[in-house]
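Enquirer: Have a look at the structure that comes next, please.
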Amino acid sequence: MNFNSPKVDQKMALVRTNKTWEIPESLSTDEADFWNRRTFLKSAGLIGTSLLFSQSPLSAATAGFPTKRNPKYNLIEAEKITEEKYVTGYNNFYEFSFDKEDVKDKAKHWKTEPWSIEISGMVQKPSSLDVNELINEFGIEQRVYRFRCVEAWSMVVPWDGFPLKKLIEKAQPLSSAKYVKFISFDDPEEAPGMKNRSYPWPYTEGLRMDEALHELTLMVTGVFGKPLPNQNGAPVRLMVPWKYGFKSIKSIQKIEFTDQQPKSLWNELAPQEYGFYANVNPEVDHPRWSQAKERPIGSWFFQKIPTQPFNGYAEEVASLYKGMDLKKNY
Ligand code: MTE
């Protein structure tokens, strides 16, 4: 990995060879400085005064806990994980609010149990699967993944969940199915952001079948060893760690197997800015900003670290895109 400090390289060499998904010590950041800056901006009246990071109610899907961290997807040292208050207090969930720090409050009364996922399209047998039953059937584990938003900030998060592959195998798609389409919920009464009908709700996303079946692709039902809070996409969301965060659709209600490349909400709104693949790529800039670096949330405001191809998971996933022009297929 290209941003390990020499100290860490030495340490890693002594212990074992680390996988590219393991996070180097140099990612460790100082939370206090970030918050001091926020306090300053706030007192200067530059940001909203909403109550940040108050305790949120957890969603109800408690099945599967406690989880064990899978050592295959772990850190070198645990303290590089982004603080929980940022992970659960700085959210993109446009159905509820366009203000990241307001999502938690707007979503706090939302009921997400019972919840089932409707399986349709090119499958042996369409079905409706209860999330808690899926958790009981597959079990869940914890994995620490890098998380890189297209907006050039990043986090390191311990997600709890099960591989999407298990669900796909259960759903038994036809061999003619080439893509998986994910559709989120549609409820403007509960989610005030959805009253803005200039967005093509519900939020939708898609993956190629081989991406969906990849071992890194996770169906997330928890974070920090607890059920997923509403603001993070309760009760079940996707996590595709080598892609920009917008691919990781929250609160999935429908999964459809298809032979057509699915349209996604962002792709429909601004195709020149948000492609279907959305693989993290420091060499392909967003039309309005560079993607070469990222700001770890919780770090100094001006601290930037280099963004890695495929968000540091190139060894595991680059072969999926062999022969493809990644500048065209952004
Ligand atoms: N899923 C839904 N349904 N609605 C959204 O607005 N935002 C996406 C993604 N999934 C979004 C979504 C974006 S842009 C990002 S960066 C991540 O969720 C944010 O996940 P987080 O709030 O858990 O950090």
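Here's how to read the names in the structure tokens: chain A, B, ... by the order shown, residue numbers from 1 in each chain, ligand numbers from 1 in the order shown.
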Hey, which bits of chain A sit within 7 Å of ligand 1, and for each residue what's the closest pair of atoms and how far apart in Å (one decimal), counting only C-alpha atoms and all ligand atoms, rows by chain and increasing number, as CSV?

Expert:
```
residue,atom,partner,partner_atom_place_in_ligand_line,distance
A:Val87,CA,ligand 1,24 (O),6.0
A:Thr88,CA,ligand 1,23 (O),7.0
A:Tyr90,CA,ligand 1,22 (O),6.4
A:Asn91,CA,ligand 1,22 (O),3.4
A:Asn92,CA,ligand 1,22 (O),4.4
A:Phe93,CA,ligand 1,6 (O),3.3
A:Tyr94,CA,ligand 1,6 (O),3.8
A:Glu95,CA,ligand 1,4 (N),5.9
A:Cys149,CA,ligand 1,16 (S),4.6
A:Val150,CA,ligand 1,16 (S),6.8
A:Ser184,CA,ligand 1,3 (N),5.3
A:Tyr203,CA,ligand 1,3 (N),5.0
A:Gln231,CA,ligand 1,22 (O),6.3
A:Asn232,CA,ligand 1,23 (O),4.0
A:Gly233,CA,ligand 1,23 (O),6.6
A:Gly245,CA,ligand 1,16 (S),4.0
A:Phe246,CA,ligand 1,13 (C),3.7
A:Lys247,CA,ligand 1,9 (C),6.2
A:Ser248,CA,ligand 1,10 (N),4.9
A:Ile249,CA,ligand 1,1 (N),3.8
A:Lys250,CA,ligand 1,1 (N),3.8
A:Ser251,CA,ligand 1,3 (N),5.8
```

Enquirer: Tell me, as a list in words, which residues lie within 8 Å of stretch 283-289 of chain A, counting only C-alpha atoms; anything in the same chain fewer than 6 positions away does not count.

Expert: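 In the requested format, the answer is Val150, Gln272, Glu273, Lys327 and Tyr330 of chain A.
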
Enquirer: Identify all residues of stretch 209-320 of chain A in alpha helix (DSSP H) (DSSP on the backbone) and supply them as JSON, numbers by chain.

Expert: {"A": [209, 210, 211, 212, 265, 266, 267, 268, 269, 314, 315, 316, 317]}

Enquirer: Need to verify the contact set: A:Asn311, 6 Å, only C-alpha atoms, exclusion of same-chain residues closer than 2 positions in sequence. Can you return it as a list of chain:residue names?

Expert: A:Trp242, A:Val280, A:Gln308, A:Pro309, A:Tyr313

Enquirer: Which residues, written as a ChimeraX atom specification, have at least one atom at most 6 Å from stretch 254-263 of chain A, with only C-alpha atoms counted and residues fewer than 3 positions away on the same chain left out?

Expert: /A:117-122,177-183,206

Enquirer: What is the atom CA of A:Leu167-atom CA of A:Leu218 distance in Å, reported with one decimal?

Expert: 10.2 Å

Enquirer: Looking at only C-alpha atoms, which of A:Ser319, A:Thr112, A:Asn281, A:Gln172 is the one that sits closest to A:Lys125?

Expert: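 Using only C-alpha atoms, A:Lys125 sits closest to A:Gln172.
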
Enquirer: Please indicate the distance in Å from atom CA of A:Glu211 to atom CA of A:Ile140, rounded to one decimal place.

Expert: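 So the answer is 20.0 Å.
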
Enquirer: Would you return as a ChimeraX atom specification the members of stretch 57-134 of chain A that DSSP assigns to strand (DSSP E) on this structure's backbone?

Expert: /A:116-121,127-130

Enquirer: I'd like the neighbourhood of A:Pro282 as a PDB file with all heavy atoms, in the first residue's frame, where a residue qualifies if any of its atoms comes within 6 Å (using only C-alpha atoms), though same-chain residues fewer than 2 positions away should be ignored.

Expert:
```pdb
ATOM      1  N   VAL A 284      -9.310   9.337 -12.029  1.00  0.00           N
ATOM      2  CA  VAL A 284     -10.469   9.875 -12.762  1.00  0.00           C
ATOM      3  C   VAL A 284     -11.188  10.864 -11.857  1.00  0.00           C
ATOM      4  O   VAL A 284     -11.842  10.480 -10.883  1.00  0.00           O
ATOM      5  CB  VAL A 284     -11.431   8.740 -13.208  1.00  0.00           C
ATOM      6  CG1 VAL A 284     -12.656   9.318 -13.895  1.00  0.00           C
ATOM      7  CG2 VAL A 284     -10.712   7.777 -14.144  1.00  0.00           C
ATOM      8  N   GLN A 291     -10.277  13.607  -7.430  1.00  0.00           N
ATOM      9  CA  GLN A 291     -10.471  12.409  -6.603  1.00  0.00           C
ATOM     10  C   GLN A 291      -9.119  11.845  -6.146  1.00  0.00           C
ATOM     11  O   GLN A 291      -9.061  10.733  -5.619  1.00  0.00           O
ATOM     12  CB  GLN A 291     -11.239  11.316  -7.372  1.00  0.00           C
ATOM     13  CG  GLN A 291     -12.682  11.651  -7.701  1.00  0.00           C
ATOM     14  CD  GLN A 291     -13.598  11.730  -6.474  1.00  0.00           C
ATOM     15  OE1 GLN A 291     -13.152  11.963  -5.344  1.00  0.00           O
ATOM     16  NE2 GLN A 291     -14.895  11.576  -6.692  1.00  0.00           N
ATOM     17  N   ALA A 292      -8.044  12.613  -6.327  1.00  0.00           N
ATOM     18  CA  ALA A 292      -6.712  12.095  -6.007  1.00  0.00           C
ATOM     19  C   ALA A 292      -6.509  11.904  -4.507  1.00  0.00           C
ATOM     20  O   ALA A 292      -5.753  11.040  -4.079  1.00  0.00           O
ATOM     21  CB  ALA A 292      -5.646  13.040  -6.560  1.00  0.00           C
ATOM     22  N   THR A 307      -5.824   8.910  -2.203  1.00  0.00           N
ATOM     23  CA  THR A 307      -6.859   7.903  -2.463  1.00  0.00           C
ATOM     24  C   THR A 307      -6.213   6.755  -3.233  1.00  0.00           C
ATOM     25  O   THR A 307      -5.383   6.966  -4.102  1.00  0.00           O
ATOM     26  CB  THR A 307      -8.008   8.537  -3.266  1.00  0.00           C
ATOM     27  OG1 THR A 307      -8.734   9.389  -2.375  1.00  0.00           O
ATOM     28  CG2 THR A 307      -8.969   7.503  -3.843  1.00  0.00           C
TER      29      THR A 307
END
```

Enquirer: With a distance cut-off of 6 Å and only C-alpha atoms, select the neighbouring residues of stretch 293-295 of chain A, excluding the residue or stretch itself and same-chain residues fewer than 6 positions from it, and output the selection as JSON, numbers by chain.

Expert: {"A": [152, 153, 154, 304, 305, 306, 307]}

Enquirer: Out of A:Leu238, A:Ala171, A:Val103, A:Glu83, which residue has the shortest atom-to-atom distance to A:Val123 when counting only C-alpha atoms?

Expert: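 Residue with the minimum atom-to-atom distance to A:Val123: A:Ala171.
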
Enquirer: Report the distance between atom CA of A:Pro271 and atom CA of A:Met324 in Å, rounded to one decimal place.

Expert: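 Separation between atom CA of A:Pro271 and atom CA of A:Met324: 18.6 Å.
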
Enquirer: Find the residue from A:Gln142, A:Leu129, A:Pro202, A:Met219 that sits nearest to A:Lys166; use only C-alpha atoms when measuring.

Expert: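 Closest to A:Lys166, using only C-alpha atoms: A:Met219.
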
Enquirer: Restricting the calculation to only C-alpha atoms: of A:Asn230, A:Ser116, A:Asn267, A:Ser128, which residue gets closest to A:Glu205?

Expert: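 Checking each of A:Asn230, A:Ser116, A:Asn267, A:Ser128 against A:Glu205, counting only C-alpha atoms, the winner is A:Asn267.
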
Enquirer: Would you please work out which residue, of A:Pro71, A:Gly89, A:Gly161, A:Pro229, is nearest to A:Gly298 when using only C-alpha atoms?

Expert: A:Gly89
